[in-house]
file structure37.txt (compact mmCIF, C-alpha atoms)
# COMPACT_ATOMS: atom_id res chain seq x y z
CA GLU W 26 7.96 31.90 -25.93
CA ASP W 27 7.18 30.66 -29.42
CA GLY W 28 3.78 29.26 -28.38
CA THR W 29 4.98 25.66 -28.05
CA VAL W 30 3.46 23.91 -25.09
CA VAL W 31 6.00 21.90 -23.17
CA SER W 32 4.71 19.69 -20.44
CA SER W 33 5.67 16.63 -18.52
CA LEU W 34 4.08 14.36 -15.99
CA LEU W 35 6.10 13.49 -12.93
CA VAL W 36 5.01 10.37 -11.11
CA ASP W 37 6.27 9.00 -7.80
CA GLY W 38 8.48 5.99 -8.51
CA GLY W 39 6.34 3.95 -6.14
CA TYR W 40 3.44 4.17 -8.57
CA VAL W 41 5.52 2.97 -11.49
CA ASN W 42 7.84 0.41 -9.91
CA GLN W 43 7.34 -0.56 -6.25
CA TYR W 44 10.25 -2.99 -6.34
CA PRO W 45 12.95 -1.78 -8.79
CA ILE W 46 14.80 -5.09 -8.55
CA GLU W 47 15.93 -5.18 -12.18
CA VAL W 48 17.26 -1.61 -11.95
CA LEU W 49 19.24 -2.48 -8.83
CA LYS W 50 20.73 -5.54 -10.50
CA GLU W 51 21.58 -3.56 -13.65
CA HIS W 52 23.52 -1.16 -11.42
CA GLY W 53 25.51 -3.97 -9.83
CA ALA W 54 23.52 -5.04 -6.79
CA GLY W 55 24.54 -8.57 -5.89
CA VAL W 56 21.86 -9.29 -3.31
CA VAL W 57 18.42 -7.66 -3.29
CA VAL W 58 16.37 -7.64 -0.10
CA CYS W 59 12.73 -6.58 -0.52
CA ILE W 60 10.43 -5.52 2.27
CA LYS W 61 6.70 -5.88 1.68
CA ALA W 62 5.44 -2.69 3.28
CA CYS W 63 1.92 -2.69 1.92
CA PRO W 64 -1.19 -4.43 3.10
CA ASP W 65 -2.86 -7.37 1.43
CA TYR W 66 -6.16 -5.95 0.29
CA SER W 67 -9.47 -7.66 0.49
CA PRO W 68 -11.89 -7.04 -2.38
CA VAL W 69 -13.66 -3.67 -2.39
CA ASN W 70 -17.25 -3.92 -1.19
CA THR W 71 -19.53 -2.67 -3.96
CA ASP W 72 -22.84 -3.26 -2.18
CA TYR W 73 -23.47 0.46 -1.70
CA GLY W 74 -26.13 0.64 -4.39
CA ASP W 75 -26.54 2.24 -7.78
CA VAL W 76 -26.45 5.85 -6.57
CA VAL W 77 -23.80 7.44 -4.37
CA ARG W 78 -24.79 10.64 -2.59
CA GLY W 79 -21.67 12.38 -1.35
CA GLY W 80 -23.47 14.61 1.14
CA LEU W 81 -25.10 11.68 2.89
CA ILE W 82 -21.86 9.75 2.96
CA TRP W 83 -20.06 12.75 4.46
CA LEU W 84 -22.72 13.08 7.18
CA ARG W 85 -22.49 9.38 8.00
CA ARG W 86 -18.70 9.44 8.21
CA THR W 87 -18.44 12.75 10.04
CA PHE W 88 -21.29 12.46 12.52
CA CYS W 89 -21.88 8.71 12.52
CA CYS W 90 -25.45 9.37 11.34
CA ARG W 91 -27.24 6.35 9.96
CA ARG W 92 -30.86 5.54 9.28
CA ARG W 93 -32.22 2.71 11.33
CA SER W 94 -32.95 -0.07 8.91
CA ALA W 95 -32.86 -3.81 8.78
CA GLU W 96 -30.02 -3.88 6.28
CA ALA W 97 -26.60 -2.40 6.94
CA VAL W 98 -25.57 0.57 4.83
CA VAL W 99 -22.16 0.17 3.20
CA ASP W 100 -20.22 3.26 2.16
CA PRO W 101 -18.09 3.26 -0.99
CA PRO W 102 -14.32 3.35 -0.47
CA THR W 103 -12.80 6.73 0.35
CA GLN W 104 -10.56 8.52 -2.13
CA ALA W 105 -7.58 7.69 0.09
CA GLU W 106 -8.47 3.97 0.04
CA ILE W 107 -8.79 4.01 -3.75
CA GLN W 108 -5.49 5.88 -4.16
CA GLU W 109 -3.69 3.48 -1.84
CA ARG W 110 -4.97 0.48 -3.80
CA LEU W 111 -4.04 2.08 -7.14
CA MET W 112 -0.52 2.66 -5.90
CA PHE W 113 -0.02 -1.11 -5.63
CA LEU W 114 -1.99 -2.08 -8.74
CA VAL W 115 0.93 -1.82 -11.19
CA GLU W 116 3.16 -3.96 -9.00
CA ASN W 117 0.46 -6.60 -8.56
CA MET W 118 0.23 -6.97 -12.34
CA LYS W 119 3.94 -7.85 -12.61
CA GLU W 120 5.80 -11.06 -11.90
CA SER W 121 6.02 -11.57 -8.16
CA GLU W 122 8.75 -9.66 -6.35
CA THR W 123 9.28 -12.81 -4.28
CA SER W 124 10.71 -14.66 -7.27
CA ARG W 125 12.81 -11.68 -8.38
CA SER W 126 14.48 -10.84 -5.04
CA ASP W 127 17.00 -12.79 -2.99
CA LEU W 128 15.26 -12.24 0.35
CA MET W 129 11.73 -11.08 1.02
CA LEU W 130 10.66 -9.64 4.40
CA TYR W 131 7.05 -9.35 5.57
CA PRO W 132 6.86 -7.17 8.70
CA GLU W 133 3.56 -7.22 10.62
CA ILE W 134 2.35 -3.74 9.66
CA GLN W 135 -1.32 -4.37 8.93
CA ASN W 136 -2.28 -2.23 11.95
CA TYR W 137 -0.62 0.85 10.42
CA GLY W 138 -1.98 3.08 7.68
CA LEU W 139 -0.18 4.56 4.71
CA LEU W 140 -0.17 7.99 6.35
CA ASP W 141 0.84 6.97 9.90
CA PHE W 142 3.98 9.10 9.75
CA ALA W 143 3.83 9.90 13.47
CA LYS W 144 4.31 6.19 14.24
CA TYR W 145 7.54 5.86 12.22
CA GLU W 146 9.66 4.75 15.22
CA GLU W 147 7.15 2.05 16.13
CA ILE W 148 6.95 0.89 12.51
CA ALA W 149 10.75 0.85 12.20
CA ASP W 150 10.94 -1.30 15.33
CA VAL W 151 8.45 -3.77 13.82
CA GLY W 152 10.63 -3.95 10.71
CA TYR W 153 13.80 -4.42 12.74
CA ARG W 154 12.28 -7.31 14.72
CA GLU W 155 11.25 -8.97 11.43
CA ALA W 156 14.56 -8.35 9.65
CA LEU W 157 17.16 -9.31 12.25
CA PRO W 158 16.44 -13.06 12.51
CA ARG W 159 15.72 -13.39 8.79
CA LEU W 160 18.99 -11.65 7.85
CA LYS W 161 20.95 -13.83 10.28
CA GLU W 162 19.37 -16.92 8.71
CA PHE W 163 20.06 -15.63 5.17
CA LEU W 164 23.71 -14.86 5.95
CA ALA W 165 24.23 -18.26 7.59
CA ARG W 166 23.21 -19.97 4.32
CA ASP W 167 26.15 -18.51 2.37
call {"tool": "encode", "arguments": {"input": "structure37.txt", "output": "structure tokens"}}
result
Amino acid sequence: EDGTVVSSLLVDGGYVNQYPIEVLKEHGAGVVVCIKACPDYSPVNTDYGDVVRGGLIWLRRTFCCRRRSAEAVVDPPTQAEIQERLMFLVENMKESETSRSDLMLYPEIQNYGLLDFAKYEEIADVGYREALPRLKEFLARD
């Protein structure tokens, strides 16, 4: 009303703190169990040349069109691939969540993508099969 610009930036907590272990402990959590639900990324291939032509890349990805040549053509990463990697960048720069949590679970989810929402029951089953024996082992230690 008075011409003052008021703005804020809201960011998904996953971008800022994938494993809020310290926050949980500050609020009284005695035991913290972390589940690594992100893939281990290989380095991004940057052998796609000095110039990126979006139209040609779209044609190749959409219609599987490729020139016949002796050398393989490598496409740059998609926007979704870049965004997924950026989401985990902040966490990878911190001290390892393994040393900060009491129990770390690593379900075999490398065959699932970030947006595989339709497979949630299958993914939950994978997590359950990973967690049950590990939790039994963890509880037997105490």
call {"tool": "atom_distance", "arguments": {"input": "structure37.txt", "atom1": "CA of Asn136 (chain W)", "atom2": "CA of Glu106 (chain W)"}}
result
14.8 Å
call {"tool": "axis_aligned_box", "arguments": {"input": "structure37.txt", "around": "region 129-144 of chain W", "padding_each_side": "3 Å", "output": "lines of an AutoDock Vina configuration file"}}
result
center_x = 4.7
center_y = -0.6
center_z = 7.6
size_x = 20.0
size_y = 27.0
size_z = 19.2
call {"tool": "residues_around", "arguments": {"input": "structure37.txt", "residues": "Ile148 (chain W)", "least_positions_apart": "5", "cutoff": "12 Å", "atoms": "only C-alpha atoms", "output": "list in words"}}
result
Ala62, Pro132, Glu133, Ile134, Gln135, Asn136, Tyr137, Gly138, Leu139, Leu140, Asp141, Phe142, Ala143, Tyr153, Arg154 and Glu155 of chain W
call {"tool": "closest_residue", "arguments": {"input": "structure37.txt", "among": "W:Leu84, W:Thr29, W:Asp127, W:Gly152", "to": "Lys50 (chain W)", "atoms": "all atoms listed in the file"}}
result
W:Asp127
call {"tool": "closest_residue", "arguments": {"input": "structure37.txt", "among": "W:Pro101, W:Gly79, W:Gly28, W:Gly55", "to": "Leu128 (chain W)", "atoms": "all atoms listed in the file"}}
result
W:Gly55
call {"tool": "atom_distance", "arguments": {"input": "structure37.txt", "atom1": "CA of Leu130 (chain W)", "atom2": "CA of Pro158 (chain W)"}}
result
10.5 Å
call {"tool": "atom_distance", "arguments": {"input": "structure37.txt", "atom1": "CA of Leu81 (chain W)", "atom2": "CA of Leu111 (chain W)"}}
result
25.2 Å
call {"tool": "decode", "arguments": {"input": "structure37.txt", "residues": "region 52-63 of chain W", "atoms": "all heavy atoms", "output": "PDB file, in the first residue's frame"}}
result
ATOM      1  N   HIS W  52      15.002 -30.970  19.398  1.00  0.00           N
ATOM      2  CA  HIS W  52      13.612 -31.104  19.834  1.00  0.00           C
ATOM      3  C   HIS W  52      13.376 -32.383  20.635  1.00  0.00           C
ATOM      4  O   HIS W  52      12.237 -32.801  20.824  1.00  0.00           O
ATOM      5  CB  HIS W  52      12.678 -31.041  18.629  1.00  0.00           C
ATOM      6  CG  HIS W  52      12.504 -29.653  18.108  1.00  0.00           C
ATOM      7  ND1 HIS W  52      13.400 -29.070  17.236  1.00  0.00           N
ATOM      8  CD2 HIS W  52      11.554 -28.721  18.349  1.00  0.00           C
ATOM      9  CE1 HIS W  52      13.005 -27.849  16.960  1.00  0.00           C
ATOM     10  NE2 HIS W  52      11.890 -27.611  17.626  1.00  0.00           N
ATOM     11  N   GLY W  53      14.453 -33.025  21.079  1.00  0.00           N
ATOM     12  CA  GLY W  53      14.330 -34.134  22.004  1.00  0.00           C
ATOM     13  C   GLY W  53      14.396 -35.535  21.428  1.00  0.00           C
ATOM     14  O   GLY W  53      14.178 -36.494  22.163  1.00  0.00           O
ATOM     15  N   ALA W  54      14.679 -35.678  20.167  1.00  0.00           N
ATOM     16  CA  ALA W  54      14.774 -37.029  19.601  1.00  0.00           C
ATOM     17  C   ALA W  54      15.954 -37.754  20.230  1.00  0.00           C
ATOM     18  O   ALA W  54      17.062 -37.239  20.264  1.00  0.00           O
ATOM     19  CB  ALA W  54      14.940 -36.963  18.086  1.00  0.00           C
ATOM     20  N   GLY W  55      15.702 -38.943  20.738  1.00  0.00           N
ATOM     21  CA  GLY W  55      16.773 -39.720  21.348  1.00  0.00           C
ATOM     22  C   GLY W  55      17.541 -40.536  20.323  1.00  0.00           C
ATOM     23  O   GLY W  55      18.752 -40.630  20.375  1.00  0.00           O
ATOM     24  N   VAL W  56      16.826 -41.133  19.398  1.00  0.00           N
ATOM     25  CA  VAL W  56      17.425 -41.964  18.360  1.00  0.00           C
ATOM     26  C   VAL W  56      16.971 -41.417  17.011  1.00  0.00           C
ATOM     27  O   VAL W  56      15.791 -41.151  16.801  1.00  0.00           O
ATOM     28  CB  VAL W  56      16.979 -43.437  18.493  1.00  0.00           C
ATOM     29  CG1 VAL W  56      17.488 -44.269  17.332  1.00  0.00           C
ATOM     30  CG2 VAL W  56      17.450 -44.021  19.822  1.00  0.00           C
ATOM     31  N   VAL W  57      17.929 -41.242  16.106  1.00  0.00           N
ATOM     32  CA  VAL W  57      17.606 -40.738  14.770  1.00  0.00           C
ATOM     33  C   VAL W  57      17.970 -41.807  13.744  1.00  0.00           C
ATOM     34  O   VAL W  57      19.117 -42.242  13.675  1.00  0.00           O
ATOM     35  CB  VAL W  57      18.352 -39.419  14.455  1.00  0.00           C
ATOM     36  CG1 VAL W  57      18.073 -38.969  13.044  1.00  0.00           C
ATOM     37  CG2 VAL W  57      17.962 -38.342  15.455  1.00  0.00           C
ATOM     38  N   VAL W  58      16.951 -42.222  12.988  1.00  0.00           N
ATOM     39  CA  VAL W  58      17.140 -43.192  11.917  1.00  0.00           C
ATOM     40  C   VAL W  58      17.030 -42.437  10.600  1.00  0.00           C
ATOM     41  O   VAL W  58      16.040 -41.752  10.345  1.00  0.00           O
ATOM     42  CB  VAL W  58      16.061 -44.300  11.972  1.00  0.00           C
ATOM     43  CG1 VAL W  58      16.224 -45.266  10.801  1.00  0.00           C
ATOM     44  CG2 VAL W  58      16.113 -45.026  13.306  1.00  0.00           C
ATOM     45  N   CYS W  59      18.058 -42.527   9.764  1.00  0.00           N
ATOM     46  CA  CYS W  59      18.052 -41.862   8.458  1.00  0.00           C
ATOM     47  C   CYS W  59      17.915 -42.916   7.370  1.00  0.00           C
ATOM     48  O   CYS W  59      18.471 -44.003   7.470  1.00  0.00           O
ATOM     49  CB  CYS W  59      19.353 -41.099   8.230  1.00  0.00           C
ATOM     50  SG  CYS W  59      19.481 -39.603   9.188  1.00  0.00           S
ATOM     51  N   ILE W  60      17.198 -42.542   6.334  1.00  0.00           N
ATOM     52  CA  ILE W  60      17.031 -43.413   5.183  1.00  0.00           C
ATOM     53  C   ILE W  60      17.572 -42.689   3.966  1.00  0.00           C
ATOM     54  O   ILE W  60      17.099 -41.607   3.618  1.00  0.00           O
ATOM     55  CB  ILE W  60      15.552 -43.776   4.978  1.00  0.00           C
ATOM     56  CG1 ILE W  60      15.021 -44.462   6.227  1.00  0.00           C
ATOM     57  CG2 ILE W  60      15.392 -44.661   3.748  1.00  0.00           C
ATOM     58  CD1 ILE W  60      13.537 -44.589   6.268  1.00  0.00           C
ATOM     59  N   LYS W  61      18.576 -43.253   3.347  1.00  0.00           N
ATOM     60  CA  LYS W  61      19.179 -42.652   2.154  1.00  0.00           C
ATOM     61  C   LYS W  61      18.277 -42.985   0.970  1.00  0.00           C
ATOM     62  O   LYS W  61      18.282 -44.094   0.468  1.00  0.00           O
ATOM     63  CB  LYS W  61      20.585 -43.216   1.947  1.00  0.00           C
ATOM     64  CG  LYS W  61      21.351 -42.588   0.841  1.00  0.00           C
ATOM     65  CD  LYS W  61      22.124 -41.409   1.335  1.00  0.00           C
ATOM     66  CE  LYS W  61      23.054 -40.911   0.249  1.00  0.00           C
ATOM     67  NZ  LYS W  61      23.960 -39.930   0.738  1.00  0.00           N
ATOM     68  N   ALA W  62      17.489 -42.017   0.570  1.00  0.00           N
ATOM     69  CA  ALA W  62      16.504 -42.232  -0.495  1.00  0.00           C
ATOM     70  C   ALA W  62      16.868 -41.439  -1.741  1.00  0.00           C
ATOM     71  O   ALA W  62      16.011 -40.923  -2.439  1.00  0.00           O
ATOM     72  CB  ALA W  62      15.116 -41.844  -0.004  1.00  0.00           C
ATOM     73  N   CYS W  63      18.152 -41.342  -2.000  1.00  0.00           N
ATOM     74  CA  CYS W  63      18.595 -40.652  -3.205  1.00  0.00           C
ATOM     75  C   CYS W  63      19.716 -41.469  -3.838  1.00  0.00           C
ATOM     76  O   CYS W  63      20.434 -42.175  -3.160  1.00  0.00           O
ATOM     77  CB  CYS W  63      19.073 -39.237  -2.895  1.00  0.00           C
ATOM     78  SG  CYS W  63      20.454 -39.157  -1.766  1.00  0.00           S
TER      79      CYS W  63
END
